[in-house]
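Undergrad: Structure file work_8.txt (compact mmCIF, C-alpha atoms) right here:
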```
# COMPACT_ATOMS: atom_id res chain seq x y z
CA MET D 115 37.65 32.09 -25.49
CA SER D 116 39.27 30.39 -22.48
CA TYR D 117 37.88 27.28 -20.83
CA GLU D 118 36.92 29.26 -17.71
CA ALA D 119 35.06 31.87 -19.77
CA THR D 120 33.25 29.15 -21.72
CA MET D 121 32.15 27.39 -18.51
CA HIS D 122 31.06 30.71 -17.01
CA SER D 123 28.89 31.46 -20.06
CA LEU D 124 27.43 27.95 -20.01
CA LEU D 125 26.55 28.15 -16.31
CA ARG D 126 24.99 31.58 -16.83
CA LEU D 127 22.81 30.23 -19.65
CA LEU D 128 21.72 27.26 -17.52
CA PHE D 129 20.86 29.61 -14.66
CA LEU D 130 18.80 31.87 -16.91
CA ALA D 131 17.01 28.86 -18.41
CA GLY D 132 16.13 27.65 -14.90
CA VAL D 133 14.81 31.06 -13.89
CA ALA D 134 12.73 31.25 -17.08
CA PHE D 135 11.29 27.79 -16.42
CA ILE D 136 10.30 28.66 -12.85
CA PHE D 137 8.81 31.99 -13.95
CA SER D 138 6.75 30.36 -16.70
CA SER D 139 5.51 27.72 -14.24
CA CYS D 140 4.38 30.43 -11.84
CA ALA D 141 2.82 32.60 -14.54
CA ARG D 142 0.73 30.07 -16.46
CA SER D 143 -2.82 29.31 -15.41
CA LEU D 144 -3.76 26.12 -13.63
CA PRO D 145 -6.08 23.75 -15.51
CA LYS D 146 -9.83 24.10 -14.96
CA TYR D 147 -10.81 22.47 -11.67
CA GLU D 148 -13.03 19.37 -11.77
CA THR D 149 -15.05 18.00 -8.86
CA PRO D 150 -13.19 14.88 -7.64
CA ILE D 151 -14.73 11.55 -8.58
CA GLU D 152 -15.62 9.18 -5.78
CA ARG D 153 -12.91 6.85 -4.59
CA THR D 154 -14.30 3.43 -5.41
CA GLN D 155 -12.69 0.14 -6.38
CA PHE D 156 -13.89 0.43 -9.98
CA GLN D 157 -13.69 3.76 -11.79
CA CYS D 158 -14.20 5.04 -15.31
CA VAL D 159 -11.46 7.59 -15.97
CA ARG D 160 -9.97 9.70 -18.74
CA THR D 161 -6.37 8.80 -19.49
CA THR D 162 -3.63 10.51 -21.46
CA ALA D 163 -0.03 9.44 -22.09
CA TYR D 164 3.41 10.99 -21.63
CA THR D 165 7.04 10.07 -22.17
CA HIS D 166 10.32 11.18 -20.60
CA THR D 167 11.57 12.98 -23.73
CA GLU D 168 8.68 15.46 -23.92
CA SER D 169 9.72 19.11 -23.59
CA ASP D 170 7.94 19.58 -20.25
CA HIS D 171 9.46 16.40 -18.76
CA VAL D 172 12.96 16.48 -20.20
CA CYS D 173 14.27 18.40 -17.18
CA HIS D 174 13.19 15.48 -14.97
CA GLY D 175 14.55 12.81 -17.31
CA CYS D 176 13.44 9.30 -16.31
CA CYS D 177 12.87 10.36 -12.70
CA THR D 178 9.42 10.30 -11.06
CA ALA D 179 8.10 12.68 -8.41
CA LEU D 180 8.99 9.98 -5.86
CA GLY D 181 12.62 10.04 -6.98
CA THR D 182 12.37 6.59 -8.55
CA THR D 183 12.89 5.62 -12.20
CA LEU D 184 9.93 5.65 -14.60
CA ARG D 185 8.80 2.07 -15.22
CA TYR D 186 7.33 0.22 -18.14
CA GLY D 187 7.47 -3.45 -17.22
CA LYS D 188 5.12 -5.65 -15.22
CA VAL D 189 4.03 -2.42 -13.56
CA HIS D 190 3.91 0.89 -15.45
CA SER D 191 4.40 4.34 -13.97
CA ALA D 192 1.48 6.76 -13.97
CA ALA D 193 1.01 10.41 -13.02
CA ALA D 194 -2.08 11.84 -11.36
CA ASP D 195 -3.39 14.40 -8.89
CA TRP D 196 -2.36 12.79 -5.59
CA SER D 197 -5.42 14.16 -3.81
CA ARG D 198 -7.51 11.85 -6.07
CA TRP D 199 -5.08 8.96 -6.52
CA PRO D 200 -2.40 9.15 -3.80
CA ALA D 201 1.18 8.14 -4.52
CA GLY D 202 1.47 4.36 -4.39
CA THR D 203 -2.03 3.72 -5.74
CA VAL D 204 -1.94 0.59 -7.91
CA PHE D 205 -4.61 -0.04 -10.52
CA ARG D 206 -5.36 -2.33 -13.44
CA ILE D 207 -6.71 -1.08 -16.77
CA LEU D 208 -9.47 -3.56 -17.48
CA GLU D 209 -9.49 -3.05 -21.25
CA THR D 210 -5.79 -3.95 -21.61
CA GLY D 211 -4.85 -5.80 -18.42
CA GLU D 212 -1.96 -3.38 -17.75
CA VAL D 213 -1.07 -2.71 -14.12
CA CYS D 214 0.08 0.81 -13.20
CA GLU D 215 1.26 2.59 -10.08
CA VAL D 216 0.89 6.29 -9.39
CA ASP D 217 4.42 7.58 -8.74
CA ASP D 218 4.42 10.88 -10.63
CA ILE D 219 2.57 14.20 -10.87
CA GLY D 220 2.03 16.80 -13.57
CA TRP D 221 0.93 20.41 -13.96
CA ALA D 222 -1.98 19.57 -16.25
CA LEU D 223 -3.29 16.92 -13.81
CA ALA D 224 -3.78 19.14 -10.75
CA GLY D 225 -7.49 19.36 -9.97
CA ARG D 226 -8.37 16.96 -12.80
CA ASN D 227 -9.90 13.49 -12.93
CA THR D 228 -7.28 12.38 -15.46
CA ILE D 229 -4.48 9.85 -15.15
CA ASP D 230 -1.38 10.22 -17.33
CA LEU D 231 0.17 6.88 -18.31
CA TYR D 232 3.91 6.61 -18.89
CA LYS D 233 5.02 5.31 -22.28
CA PRO D 234 8.68 4.65 -23.19
CA THR D 235 8.58 6.29 -26.64
CA HIS D 236 6.84 9.10 -28.50
CA ALA D 237 5.30 6.51 -30.85
CA ALA D 238 3.74 4.59 -27.96
CA MET D 239 2.55 7.85 -26.38
CA ASN D 240 0.89 8.99 -29.59
CA ALA D 241 -0.63 5.55 -30.18
CA TRP D 242 -2.36 5.72 -26.80
CA GLY D 243 -3.64 9.26 -27.29
CA VAL D 244 -6.60 10.09 -25.05
CA ARG D 245 -8.80 7.22 -23.87
CA THR D 246 -11.54 6.76 -21.32
CA VAL D 247 -11.02 3.40 -19.65
CA ASN D 248 -12.29 1.32 -16.75
CA ILE D 249 -9.79 0.74 -13.96
CA GLU D 250 -9.79 -1.49 -10.91
CA ILE D 251 -7.98 -0.17 -7.84
CA LEU D 252 -5.81 -2.94 -6.45
CA HIS D 253 -4.26 -0.84 -3.69
CA TRP D 254 -4.83 2.72 -2.49
CA GLY D 255 -1.82 4.89 -1.68
CA GLU D 256 -1.62 6.88 1.54
CA ASP D 257 -2.84 10.48 1.76
CA ASP D 258 -0.51 11.38 4.63
CA SER D 259 2.68 10.23 2.91
CA SER D 260 1.61 11.89 -0.35
CA LEU D 261 1.07 15.19 1.45
CA ALA D 262 4.46 14.88 3.17
CA ILE D 263 6.18 14.60 -0.23
CA LEU D 264 4.19 17.45 -1.77
CA SER D 265 4.84 19.75 1.21
CA LYS D 266 8.51 19.92 0.16
CA ARG D 267 7.56 21.43 -3.23
CA MET D 268 5.04 24.07 -2.26
CA LYS D 269 6.61 26.76 -4.44
CA TYR D 270 4.72 25.27 -7.39
CA ARG D 271 1.05 26.24 -7.80
CA HIS D 272 -0.11 22.84 -9.07
CA VAL D 273 1.47 21.22 -6.01
CA GLN D 274 -0.25 23.77 -3.77
CA ARG D 275 -3.60 22.82 -5.31
CA MET D 276 -3.05 19.10 -4.72
CA ALA D 277 -1.76 19.64 -1.19
CA HIS D 278 -4.74 21.88 -0.32
CA ASP D 279 -7.21 19.20 -1.44
CA LEU D 280 -5.27 16.52 0.44
CA GLU D 281 -5.31 18.59 3.62
CA LYS D 282 -9.09 18.98 3.36
CA ARG D 283 -9.55 15.25 2.77
CA ILE D 284 -7.33 14.28 5.69
CA ALA D 285 -9.08 16.78 7.97
CA SER D 286 -12.47 15.30 7.03
CA GLY D 287 -11.35 11.85 8.15
CA ALA D 288 -12.37 10.28 4.82
CA GLN D 289 -11.28 6.68 4.41
CA ASN D 290 -10.43 4.75 1.25
CA PRO D 291 -12.62 1.75 0.39
CA GLU D 292 -10.86 -1.55 1.03
CA PRO D 293 -10.23 -3.26 -2.32
CA LEU D 294 -11.37 -6.85 -2.64
CA ILE D 295 -8.61 -9.42 -3.00
CA ALA D 296 -7.30 -8.85 -6.51
CA ALA D 297 -6.55 -11.60 -8.99
CA ALA D 298 -2.83 -12.26 -9.46
CA ALA D 299 -3.07 -12.10 -13.25
CA PRO D 300 -4.84 -9.67 -15.62
CA PRO D 301 -8.30 -10.80 -16.76
CA ALA D 302 -8.18 -13.37 -19.56
CA ASN D 303 -10.74 -11.36 -21.52
CA PRO D 304 -9.51 -7.74 -21.87
CA ASP D 305 -12.98 -6.64 -22.95
CA LEU D 306 -14.51 -7.83 -19.66
CA HIS D 307 -16.37 -4.96 -17.99
CA PRO D 308 -16.10 -4.82 -14.17
CA PHE D 309 -19.86 -4.55 -13.73
CA ARG D 310 -20.85 -7.25 -16.17
CA LYS D 311 -20.79 -10.96 -15.33
CA PRO D 312 -18.74 -13.09 -17.72
CA VAL D 313 -20.63 -15.33 -20.13
CA ARG D 314 -20.26 -18.94 -19.06
CA ARG D 315 -19.33 -21.18 -21.96
CA LEU D 316 -20.55 -24.80 -21.99
```
Could you render the structure as structure tokens?

TA:
Amino acid sequence: MSYEATMHSLLRLLFLAGVAFIFSSCARSLPKYETPIERTQFQCVRTTAYTHTESDHVCHGCCTALGTTLRYGKVHSAAADWSRWPAGTVFRILETGEVCEVDDIGWALAGRNTIDLYKPTHAAMNAWGVRTVNIEILHWGEDDSSLAILSKRMKYRHVQRMAHDLEKRIASGAQNPEPLIAAAAPPANPDLHPFRKPVRRL
């Protein structure tokens, strides 16, 4: 087989794979809708974990929905429904002290009160599993800018769901609570609960 014929066959297979992916995304059902939790500085949320080599993320590689690179350093990337946690929302997990920023989205997160935390390996992803944790919002992202990004991807049903909820929120004039000045470092005691005063040691 000539080089041209080989390349033609390869391009045809890639095209068919892309069509199949788009069709499957349109055909599958959206996750069950949950009533949004209140936007407060401290929240108790369900978290899951993902990595860039999972089958449903491999087409995106290490790229986030914002077009940036997935991070796992001083600040970790996180995916969420942007109508609940807008892009750019920064939060601290109180049980571990980790700081995360919402810069990604996911099909299974649309209409859900769940945050998906980025992990660099399958082992780290599996080790996290599913956990309910307490988070402190250090900075709220902007609804308007989140909607502007989502509006460019409206062919996807999970994006439509998020955008619809964002439009309703913006139309209602709802405002985010102003976070208190956050500490520069994670809490010294990772078990410290946000609603419980620390024990003073003499």

Undergrad: Report, in Å with one decimal, the straight-line distance from atom CA of Arg226 of chain D to atom CA of Ala194 of chain D.

TA: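 If I compute the distance from atom CA of Arg226 of chain D to atom CA of Ala194 of chain D, I get 8.2 Å.
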
Undergrad: Under the rule that only C-alpha atoms are counted, which of D:Arg267, D:Arg245, D:Arg206, D:Arg198 is the nearest residue to Leu280 of chain D?

TA: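 Answer, going by the shortest atom-to-atom distance: D:Arg198.
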
Undergrad: From the options D:Leu252, D:Val204, D:Val213, D:Ala224, which residue's atoms come nearest to Ser143 of chain D, counting only C-alpha atoms?

TA: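 Nearest candidate to Ser143 of chain D out of D:Leu252, D:Val204, D:Val213, D:Ala224: D:Ala224.
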
Undergrad: How many Å lie between atom CA of Asp218 of chain D and atom CA of Ser286 of chain D, rounded to one decimal?

TA: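 Straight-line distance from atom CA of Asp218 of chain D to atom CA of Ser286 of chain D works out to 24.8 Å.
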
Undergrad: Would you kindly identify which residues have an atom no farther than 9 Å from (-15.8, 1.1, -8.9), using all atoms listed in the file and the file's own coordinates, and write them out as a list in words?

TA: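 Collected hits near the coordinates: Glu152, Arg153, Thr154, Gln155, Phe156, Gln157, Cys158, Asn248, Ile249, Glu250, Ile251, Pro308 and Phe309 of chain D.
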
Undergrad: Need to verify the contact set: Asn227 of chain D, 7 Å, only C-alpha atoms, exclusion of same-chain residues closer than 5 positions in sequence. Can you return it as a list in words?

TA: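 These residues fall inside the cut-off: Glu148, Pro150, Ile151, Val159 and Arg160 of chain D.
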
Undergrad: Give me a file of those residues, with C-alpha atoms, as a short mmCIF file (atom, residue, chain, number, x, y, z; two decimals), keeping the file's coordinate frame.

TA:
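The result, written out as selection.cif:
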```
data_model
loop_
_atom_site.label_atom_id
_atom_site.label_comp_id
_atom_site.auth_asym_id
_atom_site.auth_seq_id
_atom_site.Cartn_x
_atom_site.Cartn_y
_atom_site.Cartn_z
CA GLU D 148 -13.03 19.37 -11.77
CA PRO D 150 -13.19 14.88 -7.64
CA ILE D 151 -14.73 11.55 -8.58
CA VAL D 159 -11.46 7.59 -15.97
CA ARG D 160 -9.97 9.70 -18.74
#
```

Undergrad: Could you work out how far atom CA of Leu180 of chain D lies from atom CA of Gly211 of chain D, giving the answer in Å with one decimal?

TA: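 So the answer is 24.5 Å.
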
Undergrad: Using all atoms listed in the file, which of D:Met239, D:Val244, D:Leu261, D:Ile219 sits nearest Gly181 of chain D?

TA: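 Using all atoms listed in the file, Gly181 of chain D sits closest to D:Ile219.
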
Undergrad: Using all atoms listed in the file, pick whichever of D:His236, D:Thr182, D:His253, D:Ser197 has the shortest atom-to-atom distance to His272 of chain D.

TA: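 Nearest to His272 of chain D: D:Ser197.
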
Undergrad: Which residue out of D:Thr246, D:Lys269, D:Tyr186, D:Asp258 has the minimum interatomic distance to Lys282 of chain D when all atoms listed in the file are used?

TA: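 Nearest to Lys282 of chain D: D:Asp258.
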
Undergrad: Might you pull out every residue within 12 Å of Gly187 of chain D, with all atoms listed in the file counted and same-chain residues fewer than 6 positions away left off, and present them as a PyMOL selection string?

TA: chain D and resi 212-215+232-234

Undergrad: Return the single residue from D:Glu209, D:Asp217, D:Glu256, D:Asp195 that is closest to Ile229 of chain D, with distances computed using all atoms listed in the file.

TA: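 With all atoms listed in the file as the atom set, the closest residue is D:Asp195.
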
Undergrad: Specify the axis-aligned box that encloses all atoms of segment 198-205 of chain D listed in the file after padding of 5 Å on each side, stating its centre and edge lengths in Å to one decimal as JSON.

TA:
```
{"center_x": -3.0, "center_y": 5.9, "center_z": -7.2, "size_x": 19.0, "size_y": 21.9, "size_z": 16.7}
```
